[in-house]
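One file, coords-v4.cif, is given below (mmCIF, C-alpha atoms).
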data_input
#
loop_
_atom_site.group_PDB
_atom_site.id
_atom_site.type_symbol
_atom_site.label_atom_id
_atom_site.label_comp_id
_atom_site.auth_asym_id
_atom_site.auth_seq_id
_atom_site.Cartn_x
_atom_site.Cartn_y
_atom_site.Cartn_z
ATOM 1 C CA MET A 118 -213.609 76.794 -47.785
ATOM 2 C CA ARG A 119 -212.407 78.606 -50.869
ATOM 3 C CA ARG A 120 -212.786 76.903 -54.247
ATOM 4 C CA VAL A 121 -209.610 77.906 -56.060
ATOM 5 C CA ALA A 122 -208.808 77.941 -59.773
ATOM 6 C CA ALA A 123 -205.770 79.320 -61.589
ATOM 7 C CA ILE A 124 -205.850 81.516 -64.670
ATOM 8 C CA LEU A 125 -202.644 80.917 -66.644
ATOM 9 C CA MET A 126 -202.159 83.914 -68.910
ATOM 10 C CA ALA A 127 -200.003 84.401 -71.989
ATOM 11 C CA TYR A 128 -199.648 86.908 -74.810
ATOM 12 C CA GLY A 129 -201.236 84.614 -77.362
ATOM 13 C CA SER A 130 -200.209 83.376 -80.771
ATOM 14 C CA PRO A 131 -202.159 82.576 -83.961
ATOM 15 C CA ASP A 132 -203.227 78.967 -84.385
ATOM 16 C CA ARG A 133 -202.379 78.866 -88.091
ATOM 17 C CA LEU A 134 -201.058 81.095 -90.854
ATOM 18 C CA GLU A 135 -204.497 82.293 -91.930
ATOM 19 C CA ASP A 136 -205.054 83.690 -88.417
ATOM 20 C CA VAL A 137 -202.093 86.080 -88.532
ATOM 21 C CA PRO A 138 -203.991 89.126 -89.913
ATOM 22 C CA ALA A 139 -206.680 88.903 -87.220
ATOM 23 C CA TYR A 140 -204.043 88.309 -84.549
ATOM 24 C CA TYR A 141 -202.023 91.334 -85.642
ATOM 25 C CA ALA A 142 -205.168 93.467 -85.751
ATOM 26 C CA ASP A 143 -205.881 92.497 -82.155
ATOM 27 C CA ILE A 144 -202.378 93.528 -81.099
ATOM 28 C CA ARG A 145 -202.806 96.852 -82.879
ATOM 29 C CA GLY A 146 -206.054 97.450 -81.004
ATOM 30 C CA GLY A 147 -207.710 99.442 -83.788
ATOM 31 C CA ARG A 148 -204.616 101.433 -84.725
ATOM 32 C CA PRO A 149 -203.828 101.567 -88.458
ATOM 33 C CA ILE A 150 -201.949 98.565 -89.829
ATOM 34 C CA ARG A 151 -199.104 99.144 -92.247
ATOM 35 C CA PRO A 152 -199.454 96.456 -94.947
ATOM 36 C CA GLU A 153 -195.716 95.910 -95.187
ATOM 37 C CA LEU A 154 -195.503 95.083 -91.470
ATOM 38 C CA LEU A 155 -198.326 92.563 -91.745
ATOM 39 C CA ASP A 156 -196.701 91.012 -94.820
ATOM 40 C CA ASP A 157 -193.433 90.723 -92.910
ATOM 41 C CA LEU A 158 -195.124 89.010 -89.968
ATOM 42 C CA VAL A 159 -196.887 86.531 -92.260
ATOM 43 C CA ALA A 160 -193.582 85.801 -94.006
ATOM 44 C CA ARG A 161 -191.889 85.087 -90.683
ATOM 45 C CA TYR A 162 -194.554 82.619 -89.598
ATOM 46 C CA ARG A 163 -194.455 80.967 -93.031
ATOM 47 C CA ARG A 164 -190.674 80.601 -92.919
ATOM 48 C CA LEU A 165 -190.927 79.026 -89.476
ATOM 49 C CA GLY A 166 -193.313 76.429 -90.876
ATOM 50 C CA ILE A 167 -196.427 77.575 -89.041
ATOM 51 C CA GLU A 168 -199.109 76.748 -91.571
ATOM 52 C CA GLU A 169 -201.812 74.599 -89.950
ATOM 53 C CA SER A 170 -200.693 74.467 -86.298
ATOM 54 C CA ASN A 171 -198.594 76.523 -83.929
ATOM 55 C CA PRO A 172 -196.158 74.651 -81.655
ATOM 56 C CA LEU A 173 -196.307 77.486 -79.099
ATOM 57 C CA ASN A 174 -199.995 76.900 -78.443
ATOM 58 C CA GLU A 175 -199.244 73.222 -77.901
ATOM 59 C CA ILE A 176 -196.520 74.180 -75.393
ATOM 60 C CA THR A 177 -198.923 76.481 -73.558
ATOM 61 C CA GLU A 178 -201.547 73.746 -73.332
ATOM 62 C CA ALA A 179 -198.960 71.243 -72.102
ATOM 63 C CA THR A 180 -197.905 73.756 -69.437
ATOM 64 C CA ARG A 181 -201.525 74.272 -68.382
ATOM 65 C CA ALA A 182 -202.200 70.546 -68.191
ATOM 66 C CA GLY A 183 -199.019 69.920 -66.241
ATOM 67 C CA LEU A 184 -199.796 72.732 -63.822
ATOM 68 C CA GLU A 185 -203.309 71.431 -63.257
ATOM 69 C CA ALA A 186 -201.974 67.950 -62.492
ATOM 70 C CA GLU A 187 -199.288 69.329 -60.181
ATOM 71 C CA LEU A 188 -201.707 71.550 -58.261
ATOM 72 C CA GLY A 189 -204.725 69.303 -58.156
ATOM 73 C CA LEU A 190 -206.743 72.418 -58.990
ATOM 74 C CA PRO A 191 -208.468 73.521 -62.191
ATOM 75 C CA VAL A 192 -206.255 75.665 -64.430
ATOM 76 C CA PHE A 193 -207.601 77.668 -67.364
ATOM 77 C CA THR A 194 -205.584 79.322 -70.111
ATOM 78 C CA GLY A 195 -206.366 82.941 -71.005
ATOM 79 C CA MET A 196 -204.661 84.852 -73.814
ATOM 80 C CA ARG A 197 -204.218 88.598 -73.958
ATOM 81 C CA HIS A 198 -204.338 88.781 -77.754
ATOM 82 C CA TRP A 199 -205.793 85.467 -78.928
ATOM 83 C CA ARG A 200 -208.152 82.731 -77.939
ATOM 84 C CA PRO A 201 -209.087 81.485 -75.491
ATOM 85 C CA ARG A 202 -209.300 85.013 -74.083
ATOM 86 C CA ILE A 203 -208.649 85.862 -70.468
ATOM 87 C CA ALA A 204 -212.345 86.650 -70.134
ATOM 88 C CA GLU A 205 -213.230 83.200 -71.505
ATOM 89 C CA ALA A 206 -210.926 81.529 -68.989
ATOM 90 C CA VAL A 207 -212.564 83.487 -66.167
ATOM 91 C CA GLU A 208 -216.068 82.478 -67.254
ATOM 92 C CA ARG A 209 -215.086 78.826 -67.383
ATOM 93 C CA ALA A 210 -213.510 79.029 -63.919
ATOM 94 C CA LEU A 211 -216.558 80.722 -62.417
ATOM 95 C CA ALA A 212 -218.932 78.289 -64.117
ATOM 96 C CA GLY A 213 -216.998 75.512 -62.404
ATOM 97 C CA GLY A 214 -217.706 77.046 -59.024
ATOM 98 C CA ALA A 215 -214.414 78.833 -58.297
ATOM 99 C CA ASP A 216 -214.658 81.754 -55.880
ATOM 100 C CA GLN A 217 -210.940 82.534 -55.734
ATOM 101 C CA LEU A 218 -208.849 82.978 -58.884
ATOM 102 C CA VAL A 219 -205.067 83.038 -58.930
ATOM 103 C CA GLY A 220 -203.726 84.958 -61.918
ATOM 104 C CA LEU A 221 -200.299 83.921 -63.232
ATOM 105 C CA VAL A 222 -198.675 85.360 -66.355
ATOM 106 C CA LEU A 223 -196.103 83.364 -68.318
ATOM 107 C CA ALA A 224 -193.732 86.333 -68.119
ATOM 108 C CA PRO A 225 -191.392 86.586 -65.112
ATOM 109 C CA HIS A 226 -190.767 90.326 -64.841
ATOM 110 C CA TYR A 227 -193.134 93.146 -63.961
ATOM 111 C CA SER A 228 -193.849 96.125 -66.196
ATOM 112 C CA GLY A 229 -196.800 98.439 -66.311
ATOM 113 C CA MET A 230 -196.823 97.842 -70.065
ATOM 114 C CA SER A 231 -197.107 94.079 -69.746
ATOM 115 C CA ILE A 232 -198.036 92.424 -66.451
ATOM 116 C CA GLU A 233 -200.285 95.260 -65.352
ATOM 117 C CA ARG A 234 -202.306 94.962 -68.548
ATOM 118 C CA TYR A 235 -202.924 91.285 -67.892
ATOM 119 C CA ARG A 236 -204.078 92.140 -64.397
ATOM 120 C CA ALA A 237 -206.446 94.788 -65.764
ATOM 121 C CA GLN A 238 -208.023 92.301 -68.176
ATOM 122 C CA LEU A 239 -208.405 89.774 -65.378
ATOM 123 C CA VAL A 240 -210.013 92.289 -63.012
ATOM 124 C CA ASP A 241 -212.388 93.514 -65.711
ATOM 125 C CA ALA A 242 -213.415 89.966 -66.575
ATOM 126 C CA VAL A 243 -214.029 88.933 -62.965
ATOM 127 C CA ALA A 244 -216.029 92.097 -62.250
ATOM 128 C CA GLY A 245 -216.102 91.456 -58.520
ATOM 129 C CA ARG A 246 -217.579 87.959 -58.777
ATOM 130 C CA ALA A 247 -214.606 86.216 -57.131
ATOM 131 C CA GLU A 248 -211.559 87.012 -55.056
ATOM 132 C CA ILE A 249 -208.426 87.607 -57.128
ATOM 133 C CA ARG A 250 -204.915 86.674 -56.057
ATOM 134 C CA PHE A 251 -202.269 87.780 -58.545
ATOM 135 C CA VAL A 252 -198.633 86.746 -59.019
ATOM 136 C CA GLU A 253 -197.022 90.044 -59.956
ATOM 137 C CA ARG A 254 -193.402 88.996 -60.568
ATOM 138 C CA TRP A 255 -191.260 85.895 -60.282
ATOM 139 C CA GLY A 256 -187.994 86.580 -62.106
ATOM 140 C CA ALA A 257 -185.952 86.006 -58.947
ATOM 141 C CA GLU A 258 -187.768 82.812 -57.939
ATOM 142 C CA PRO A 259 -184.990 80.399 -56.856
ATOM 143 C CA GLY A 260 -186.358 77.440 -58.823
ATOM 144 C CA PHE A 261 -186.598 79.524 -62.001
ATOM 145 C CA VAL A 262 -183.072 80.889 -61.536
ATOM 146 C CA ALA A 263 -181.701 77.393 -60.917
ATOM 147 C CA LEU A 264 -183.440 76.025 -64.018
ATOM 148 C CA LEU A 265 -181.938 78.714 -66.263
ATOM 149 C CA ALA A 266 -178.511 78.192 -64.721
ATOM 150 C CA GLU A 267 -178.790 74.456 -65.417
ATOM 151 C CA ARG A 268 -179.687 75.188 -69.038
ATOM 152 C CA ILE A 269 -176.531 77.302 -69.376
ATOM 153 C CA VAL A 270 -174.283 74.691 -67.797
ATOM 154 C CA ALA A 271 -175.815 72.039 -70.082
ATOM 155 C CA GLN A 272 -174.263 73.796 -73.090
ATOM 156 C CA SER A 273 -170.924 72.193 -73.897
ATOM 157 C CA ASN A 274 -169.249 75.507 -74.769
ATOM 158 C CA TYR A 275 -170.594 77.640 -71.943
ATOM 159 C CA ARG A 276 -167.226 78.125 -70.228
ATOM 160 C CA ASP A 277 -165.649 79.358 -73.478
ATOM 161 C CA ALA A 278 -168.561 81.554 -74.522
ATOM 162 C CA HIS A 279 -169.661 85.068 -73.704
ATOM 163 C CA VAL A 280 -173.172 84.718 -72.293
ATOM 164 C CA VAL A 281 -175.709 87.275 -73.485
ATOM 165 C CA PHE A 282 -178.909 87.432 -71.464
ATOM 166 C CA THR A 283 -181.881 88.810 -73.400
ATOM 167 C CA ALA A 284 -185.472 89.915 -72.952
ATOM 168 C CA HIS A 285 -188.175 91.645 -74.969
ATOM 169 C CA SER A 286 -187.482 95.348 -75.314
ATOM 170 C CA LEU A 287 -189.993 98.004 -74.301
ATOM 171 C CA PRO A 288 -190.144 101.747 -75.015
ATOM 172 C CA ALA A 289 -187.318 103.513 -73.150
ATOM 173 C CA ARG A 290 -189.777 105.994 -71.638
ATOM 174 C CA ILE A 291 -190.667 103.405 -69.013
ATOM 175 C CA LEU A 292 -187.404 104.274 -67.222
ATOM 176 C CA ALA A 293 -188.501 107.857 -66.634
ATOM 177 C CA GLU A 294 -191.819 106.485 -65.354
ATOM 178 C CA GLY A 295 -190.027 104.439 -62.699
ATOM 179 C CA ASP A 296 -190.956 101.094 -64.231
ATOM 180 C CA PRO A 297 -188.879 98.283 -62.628
ATOM 181 C CA TYR A 298 -188.731 96.076 -65.735
ATOM 182 C CA ARG A 299 -185.072 96.610 -66.683
ATOM 183 C CA ASP A 300 -183.847 96.390 -63.091
ATOM 184 C CA GLU A 301 -185.701 93.129 -62.525
ATOM 185 C CA LEU A 302 -184.220 91.653 -65.697
ATOM 186 C CA LEU A 303 -180.692 92.620 -64.712
ATOM 187 C CA GLU A 304 -181.225 91.095 -61.280
ATOM 188 C CA THR A 305 -182.367 87.806 -62.828
ATOM 189 C CA ALA A 306 -179.337 87.816 -65.127
ATOM 190 C CA ARG A 307 -177.007 88.443 -62.180
ATOM 191 C CA LEU A 308 -178.565 85.654 -60.127
ATOM 192 C CA VAL A 309 -178.459 83.148 -63.006
ATOM 193 C CA ALA A 310 -174.856 84.036 -63.883
ATOM 194 C CA GLU A 311 -173.856 83.623 -60.243
ATOM 195 C CA ASP A 312 -175.617 80.264 -59.973
ATOM 196 C CA ALA A 313 -174.031 79.005 -63.211
ATOM 197 C CA GLY A 314 -170.572 80.301 -62.334
ATOM 198 C CA VAL A 315 -170.543 82.611 -65.359
ATOM 199 C CA HIS A 316 -168.361 85.700 -65.152
ATOM 200 C CA ASP A 317 -168.207 86.806 -68.795
ATOM 201 C CA TRP A 318 -171.718 88.038 -69.518
ATOM 202 C CA SER A 319 -173.742 91.016 -70.710
ATOM 203 C CA PHE A 320 -177.353 91.956 -71.343
ATOM 204 C CA SER A 321 -179.189 93.034 -74.471
ATOM 205 C CA PHE A 322 -182.762 93.408 -75.675
ATOM 206 C CA GLN A 323 -184.586 92.006 -78.684
ATOM 207 C CA SER A 324 -187.927 92.193 -80.485
ATOM 208 C CA GLU A 325 -188.137 96.002 -80.659
ATOM 209 C CA SER A 326 -191.222 97.224 -82.506
ATOM 210 C CA PRO A 327 -191.056 99.950 -85.168
ATOM 211 C CA THR A 328 -192.984 102.619 -83.262
ATOM 212 C CA GLY A 329 -190.724 105.573 -84.024
ATOM 213 C CA GLU A 330 -189.675 106.114 -80.395
ATOM 214 C CA PRO A 331 -186.530 104.951 -78.563
ATOM 215 C CA TRP A 332 -186.636 101.457 -77.078
ATOM 216 C CA LEU A 333 -184.503 99.816 -74.416
ATOM 217 C CA GLY A 334 -181.141 98.682 -75.739
ATOM 218 C CA PRO A 335 -178.695 97.612 -76.828
ATOM 219 C CA ASP A 336 -180.491 95.544 -79.437
ATOM 220 C CA LEU A 337 -179.136 92.009 -79.715
ATOM 221 C CA LEU A 338 -178.003 92.393 -83.326
ATOM 222 C CA ASP A 339 -176.112 95.608 -82.551
ATOM 223 C CA HIS A 340 -174.661 93.963 -79.465
ATOM 224 C CA LEU A 341 -173.287 91.119 -81.576
ATOM 225 C CA ASP A 342 -171.472 93.722 -83.685
ATOM 226 C CA ALA A 343 -169.884 95.159 -80.549
ATOM 227 C CA LEU A 344 -168.910 91.752 -79.187
ATOM 228 C CA ALA A 345 -167.292 90.720 -82.468
ATOM 229 C CA ALA A 346 -165.374 94.009 -82.568
ATOM 230 C CA ALA A 347 -164.136 93.275 -79.037
ATOM 231 C CA GLY A 348 -162.740 89.920 -80.127
ATOM 232 C CA VAL A 349 -165.491 87.617 -78.857
ATOM 233 C CA ARG A 350 -165.859 84.497 -80.987
ATOM 234 C CA ARG A 351 -168.397 82.369 -79.101
ATOM 235 C CA VAL A 352 -171.750 83.605 -77.832
ATOM 236 C CA LEU A 353 -174.347 81.769 -75.782
ATOM 237 C CA VAL A 354 -177.730 83.517 -75.723
ATOM 238 C CA ALA A 355 -179.805 83.006 -72.585
ATOM 239 C CA PRO A 356 -183.278 84.566 -72.968
ATOM 240 C CA VAL A 357 -184.211 85.181 -69.327
ATOM 241 C CA GLY A 358 -187.264 87.249 -70.209
ATOM 242 C CA PHE A 359 -188.939 84.433 -72.156
ATOM 243 C CA VAL A 360 -190.165 81.009 -71.094
ATOM 244 C CA ALA A 361 -191.259 79.334 -74.354
ATOM 245 C CA ASP A 362 -190.237 78.919 -77.989
ATOM 246 C CA HIS A 363 -192.401 81.568 -79.614
ATOM 247 C CA LEU A 364 -191.792 83.923 -82.535
ATOM 248 C CA GLU A 365 -189.411 86.213 -80.642
ATOM 249 C CA ILE A 366 -187.165 83.235 -79.921
ATOM 250 C CA ARG A 367 -187.441 81.250 -83.126
ATOM 251 C CA TRP A 368 -187.150 84.289 -85.385
ATOM 252 C CA ASP A 369 -185.107 86.883 -83.488
ATOM 253 C CA ILE A 370 -182.507 84.424 -82.227
ATOM 254 C CA ASP A 371 -182.700 81.248 -84.308
ATOM 255 C CA VAL A 372 -182.936 83.128 -87.609
ATOM 256 C CA GLU A 373 -181.863 86.772 -87.396
ATOM 257 C CA ALA A 374 -179.202 86.467 -84.693
ATOM 258 C CA GLN A 375 -177.816 83.289 -86.253
ATOM 259 C CA GLU A 376 -177.564 84.994 -89.650
ATOM 260 C CA LYS A 377 -175.880 88.015 -88.065
ATOM 261 C CA ALA A 378 -173.440 85.802 -86.176
ATOM 262 C CA ALA A 379 -172.525 83.985 -89.387
ATOM 263 C CA GLU A 380 -171.764 87.313 -91.074
ATOM 264 C CA LEU A 381 -169.510 88.275 -88.154
ATOM 265 C CA GLY A 382 -167.761 84.923 -87.897
ATOM 266 C CA LEU A 383 -169.297 84.240 -84.479
ATOM 267 C CA GLU A 384 -170.358 80.863 -83.132
ATOM 268 C CA LEU A 385 -173.778 81.414 -81.587
ATOM 269 C CA GLU A 386 -175.926 79.026 -79.564
ATOM 270 C CA ARG A 387 -178.852 79.553 -77.219
ATOM 271 C CA ILE A 388 -180.125 77.719 -74.188
ATOM 272 C CA GLU A 389 -183.208 75.556 -74.262
ATOM 273 C CA LEU A 390 -186.271 77.420 -73.014
ATOM 274 C CA PRO A 391 -188.308 76.071 -70.069
ATOM 275 C CA ASN A 392 -191.390 75.410 -72.229
ATOM 276 C CA ALA A 393 -193.479 72.757 -70.440
ATOM 277 C CA ASP A 394 -190.603 71.072 -68.614
ATOM 278 C CA PRO A 395 -191.900 69.410 -65.413
ATOM 279 C CA THR A 396 -189.285 71.267 -63.354
ATOM 280 C CA PHE A 397 -190.610 74.568 -64.674
ATOM 281 C CA VAL A 398 -194.200 73.514 -64.059
ATOM 282 C CA ARG A 399 -193.297 72.803 -60.428
ATOM 283 C CA VAL A 400 -191.915 76.339 -60.129
ATOM 284 C CA LEU A 401 -195.206 77.735 -61.426
ATOM 285 C CA ALA A 402 -197.163 75.497 -59.077
ATOM 286 C CA GLY A 403 -195.224 76.869 -56.124
ATOM 287 C CA LEU A 404 -196.131 80.412 -57.130
ATOM 288 C CA VAL A 405 -199.832 79.558 -57.302
ATOM 289 C CA ARG A 406 -199.794 77.686 -54.008
ATOM 290 C CA ARG A 407 -198.239 80.608 -52.160
ATOM 291 C CA GLN A 408 -200.827 83.027 -53.495
ATOM 292 C CA ALA A 409 -203.760 80.768 -52.768
ATOM 293 C CA ALA A 410 -202.318 79.280 -49.563
ATOM 294 C CA VAL A 411 -203.201 75.770 -50.703
ATOM 295 C CA PRO A 412 -201.203 72.647 -49.772
ATOM 296 C CA SER A 413 -199.286 70.518 -52.235
ATOM 297 C CA ALA A 414 -201.333 67.949 -54.089
ATOM 298 C CA ARG A 415 -198.590 65.403 -53.440
#

Can the structure from this file be put into structure tokens for me?
Amino acid sequence: MRRVAAILMAYGSPDRLEDVPAYYADIRGGRPIRPELLDDLVARYRRLGIEESNPLNEITEATRAGLEAELGLPVFTGMRHWRPRIAEAVERALAGGADQLVGLVLAPHYSGMSIERYRAQLVDAVAGRAEIRFVERWGAEPGFVALLAERIVAQSNYRDAHVVFTAHSLPARILAEGDPYRDELLETARLVAEDAGVHDWSFSFQSESPTGEPWLGPDLLDHLDALAAAGVRRVLVAPVGFVADHLEIRWDIDVEAQEKAAELGLELERIELPNADPTFVRVLAGLVRRQAAVPSAR
């Protein structure tokens, strides 16, 4: 009988402010670091109050613990750009006797620039020592769609607001490469809007990096300009490409988008992210069970 463990993977986030330079260096992967970009990142974390602890890492741990309890199987957290690393999570799972690992990324939509890189790290770390089952995409998972729709309906102004679904942007060249990322995001947005009974909605991207090449758009801040010009006065942001309150949510939406909305005379709110909500954890548990073909622990 297989001894199954899950590897819950995430991008990673620095534990405290002093970790930001090392974290950014890891993201850059040896490429030169422009001092002004590092200074800007440090300033953002400082403004968000991340000095000695990072709430995102606490959310990730709560998600891991909840998933482990729901599954009745060991679950190990592995970060792509911080600690504990994916390789560390694999070693802990194997040391515990696991011979089948289920890889699950806390990102719902597939891209060769994101999900595939997690898979590559997982495969390299396992090095043939265990069977790997991998959850490749889950943006259309009914439980996930229903949860996001519920978060929209929970907003008191949702019927009077224009709903803007968002996700992390990626270089636009992925479209020419046949990458399904944008199409999967739009499908999730359509399904959530349908479930929530929302008819007035659009899609935009956020968190573009300054690489000098075109990225997927429109950017959220530019999109707010267009919506205001079209007479929209209330906006509800629904980040369907994100599942937790990390920097791209707390800065890009709660700070930058809010400041932009104030300049434009817009009322802007956003939905609550899934974070470690038990309903969300049950969705993740279902994904792992299907891959590993294990029964419910309940």

Would you write out, as JSON lines, a table of all residues in stretch 303-329 of chain A that have an atom no more than 6 Å from an atom of stretch 263-266 of chain A, listing for each the closest atom pair and the distance in Å to one decimal, considering all atoms listed in the file and ordering rows by chain and rising residue number?
{"residue": "A:Val309", "atom": "CA", "partner": "A:Ala266", "partner_atom": "CA", "distance": 5.2}
{"residue": "A:Asp312", "atom": "CA", "partner": "A:Ala266", "partner_atom": "CA", "distance": 5.9}
{"residue": "A:Ala313", "atom": "CA", "partner": "A:Ala266", "partner_atom": "CA", "distance": 4.8}

Please, could you write that set of residues out with C-alpha atoms as a PDB file, in the frame of the given file?
ATOM      1  CA  VAL A 309    -178.459  83.148 -63.006  1.00  0.00           C
ATOM      2  CA  ASP A 312    -175.617  80.264 -59.973  1.00  0.00           C
ATOM      3  CA  ALA A 313    -174.031  79.005 -63.211  1.00  0.00           C
TER       4      ALA A 313
END

Between A:Val159, A:Leu188, A:Ala293, A:Leu353, which one has atoms that come closest to A:Asp136, using all atoms listed in the file? A:Val159

Between A:Met118, A:Leu155, A:Leu173, A:Ile124, which has the minimum distance to A:Glu365 (counting all atoms listed in the file)? A:Leu173

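Across the model, the gap from atom CA of A:Ile249 to atom CA of A:Asp216 is 8.6 Å.
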
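Picture a line from atom CA of A:Gly220 to atom CA of A:Trp332; it runs 28.2 Å.
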
If we count only C-alpha atoms and set the cut-off at 12 Å, which residues sit around A:Tyr235, ignoring sequence neighbours fewer than 2 positions away in its own chain? Please answer as number ranges by chain. A: 124-129, 195-198, 202-204, 220-224, 227-233, 237-242, 251-253

Using C-alpha atoms, can you write the selected residues to a file as a PDB file, in the coordinates of the input?
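The result, written out as result-v2.pdb:
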ATOM      1  CA  ILE A 124    -205.850  81.516 -64.670  1.00  0.00           C
ATOM      2  CA  LEU A 125    -202.644  80.917 -66.644  1.00  0.00           C
ATOM      3  CA  MET A 126    -202.159  83.914 -68.910  1.00  0.00           C
ATOM      4  CA  ALA A 127    -200.003  84.401 -71.989  1.00  0.00           C
ATOM      5  CA  TYR A 128    -199.648  86.908 -74.810  1.00  0.00           C
ATOM      6  CA  GLY A 129    -201.236  84.614 -77.362  1.00  0.00           C
ATOM      7  CA  GLY A 195    -206.366  82.941 -71.005  1.00  0.00           C
ATOM      8  CA  MET A 196    -204.661  84.852 -73.814  1.00  0.00           C
ATOM      9  CA  ARG A 197    -204.218  88.598 -73.958  1.00  0.00           C
ATOM     10  CA  HIS A 198    -204.338  88.781 -77.754  1.00  0.00           C
ATOM     11  CA  ARG A 202    -209.300  85.013 -74.083  1.00  0.00           C
ATOM     12  CA  ILE A 203    -208.649  85.862 -70.468  1.00  0.00           C
ATOM     13  CA  ALA A 204    -212.345  86.650 -70.134  1.00  0.00           C
ATOM     14  CA  GLY A 220    -203.726  84.958 -61.918  1.00  0.00           C
ATOM     15  CA  LEU A 221    -200.299  83.921 -63.232  1.00  0.00           C
ATOM     16  CA  VAL A 222    -198.675  85.360 -66.355  1.00  0.00           C
ATOM     17  CA  LEU A 223    -196.103  83.364 -68.318  1.00  0.00           C
ATOM     18  CA  ALA A 224    -193.732  86.333 -68.119  1.00  0.00           C
ATOM     19  CA  TYR A 227    -193.134  93.146 -63.961  1.00  0.00           C
ATOM     20  CA  SER A 228    -193.849  96.125 -66.196  1.00  0.00           C
ATOM     21  CA  GLY A 229    -196.800  98.439 -66.311  1.00  0.00           C
ATOM     22  CA  MET A 230    -196.823  97.842 -70.065  1.00  0.00           C
ATOM     23  CA  SER A 231    -197.107  94.079 -69.746  1.00  0.00           C
ATOM     24  CA  ILE A 232    -198.036  92.424 -66.451  1.00  0.00           C
ATOM     25  CA  GLU A 233    -200.285  95.260 -65.352  1.00  0.00           C
ATOM     26  CA  ALA A 237    -206.446  94.788 -65.764  1.00  0.00           C
ATOM     27  CA  GLN A 238    -208.023  92.301 -68.176  1.00  0.00           C
ATOM     28  CA  LEU A 239    -208.405  89.774 -65.378  1.00  0.00           C
ATOM     29  CA  VAL A 240    -210.013  92.289 -63.012  1.00  0.00           C
ATOM     30  CA  ASP A 241    -212.388  93.514 -65.711  1.00  0.00           C
ATOM     31  CA  ALA A 242    -213.415  89.966 -66.575  1.00  0.00           C
ATOM     32  CA  PHE A 251    -202.269  87.780 -58.545  1.00  0.00           C
ATOM     33  CA  VAL A 252    -198.633  86.746 -59.019  1.00  0.00           C
ATOM     34  CA  GLU A 253    -197.022  90.044 -59.956  1.00  0.00           C
TER      35      GLU A 253
END

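Between atom CA of A:Arg387 and atom CA of A:Val262 the separation is 16.3 Å.
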
Add whatever atoms are absent from stretch 356-366 of chain A to reach N, CA, C and O atoms, and provide the output as a tab-separated table (two decimals), in the frame of the given file.
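The file below, result_19.tsv, is the result:
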chain	number	residue	atom	x	y	z
A	356	PRO	N	-182.12	83.67	-73.05
A	356	PRO	CA	-183.28	84.57	-72.97
A	356	PRO	C	-183.99	84.45	-71.62
A	356	PRO	O	-184.87	83.61	-71.45
A	357	VAL	N	-183.63	85.28	-70.67
A	357	VAL	CA	-184.21	85.18	-69.33
A	357	VAL	C	-185.60	85.82	-69.23
A	357	VAL	O	-186.31	85.62	-68.25
A	358	GLY	N	-185.96	86.60	-70.23
A	358	GLY	CA	-187.26	87.25	-70.21
A	358	GLY	C	-188.35	86.45	-70.90
A	358	GLY	O	-189.50	86.88	-70.98
A	359	PHE	N	-188.00	85.28	-71.41
A	359	PHE	CA	-188.94	84.43	-72.16
A	359	PHE	C	-188.96	83.04	-71.54
A	359	PHE	O	-187.96	82.58	-70.99
A	360	VAL	N	-190.08	82.35	-71.67
A	360	VAL	CA	-190.16	81.01	-71.09
A	360	VAL	C	-190.56	79.94	-72.11
A	360	VAL	O	-190.60	78.76	-71.77
A	361	ALA	N	-190.83	80.32	-73.36
A	361	ALA	CA	-191.26	79.33	-74.35
A	361	ALA	C	-190.75	79.71	-75.74
A	361	ALA	O	-190.40	80.86	-76.01
A	362	ASP	N	-190.75	78.73	-76.63
A	362	ASP	CA	-190.24	78.92	-77.99
A	362	ASP	C	-191.29	79.56	-78.88
A	362	ASP	O	-191.94	78.90	-79.68
A	363	HIS	N	-191.45	80.88	-78.75
A	363	HIS	CA	-192.40	81.57	-79.61
A	363	HIS	C	-191.65	82.36	-80.68
A	363	HIS	O	-190.45	82.18	-80.89
A	364	LEU	N	-192.37	83.23	-81.38
A	364	LEU	CA	-191.79	83.92	-82.54
A	364	LEU	C	-190.55	84.71	-82.17
A	364	LEU	O	-189.57	84.71	-82.93
A	365	GLU	N	-190.56	85.39	-81.02
A	365	GLU	CA	-189.41	86.21	-80.64
A	365	GLU	C	-188.16	85.38	-80.39
A	365	GLU	O	-187.05	85.89	-80.46
A	366	ILE	N	-188.32	84.11	-80.09
A	366	ILE	CA	-187.16	83.24	-79.92
A	366	ILE	C	-186.78	82.61	-81.25
A	366	ILE	O	-185.63	82.71	-81.70
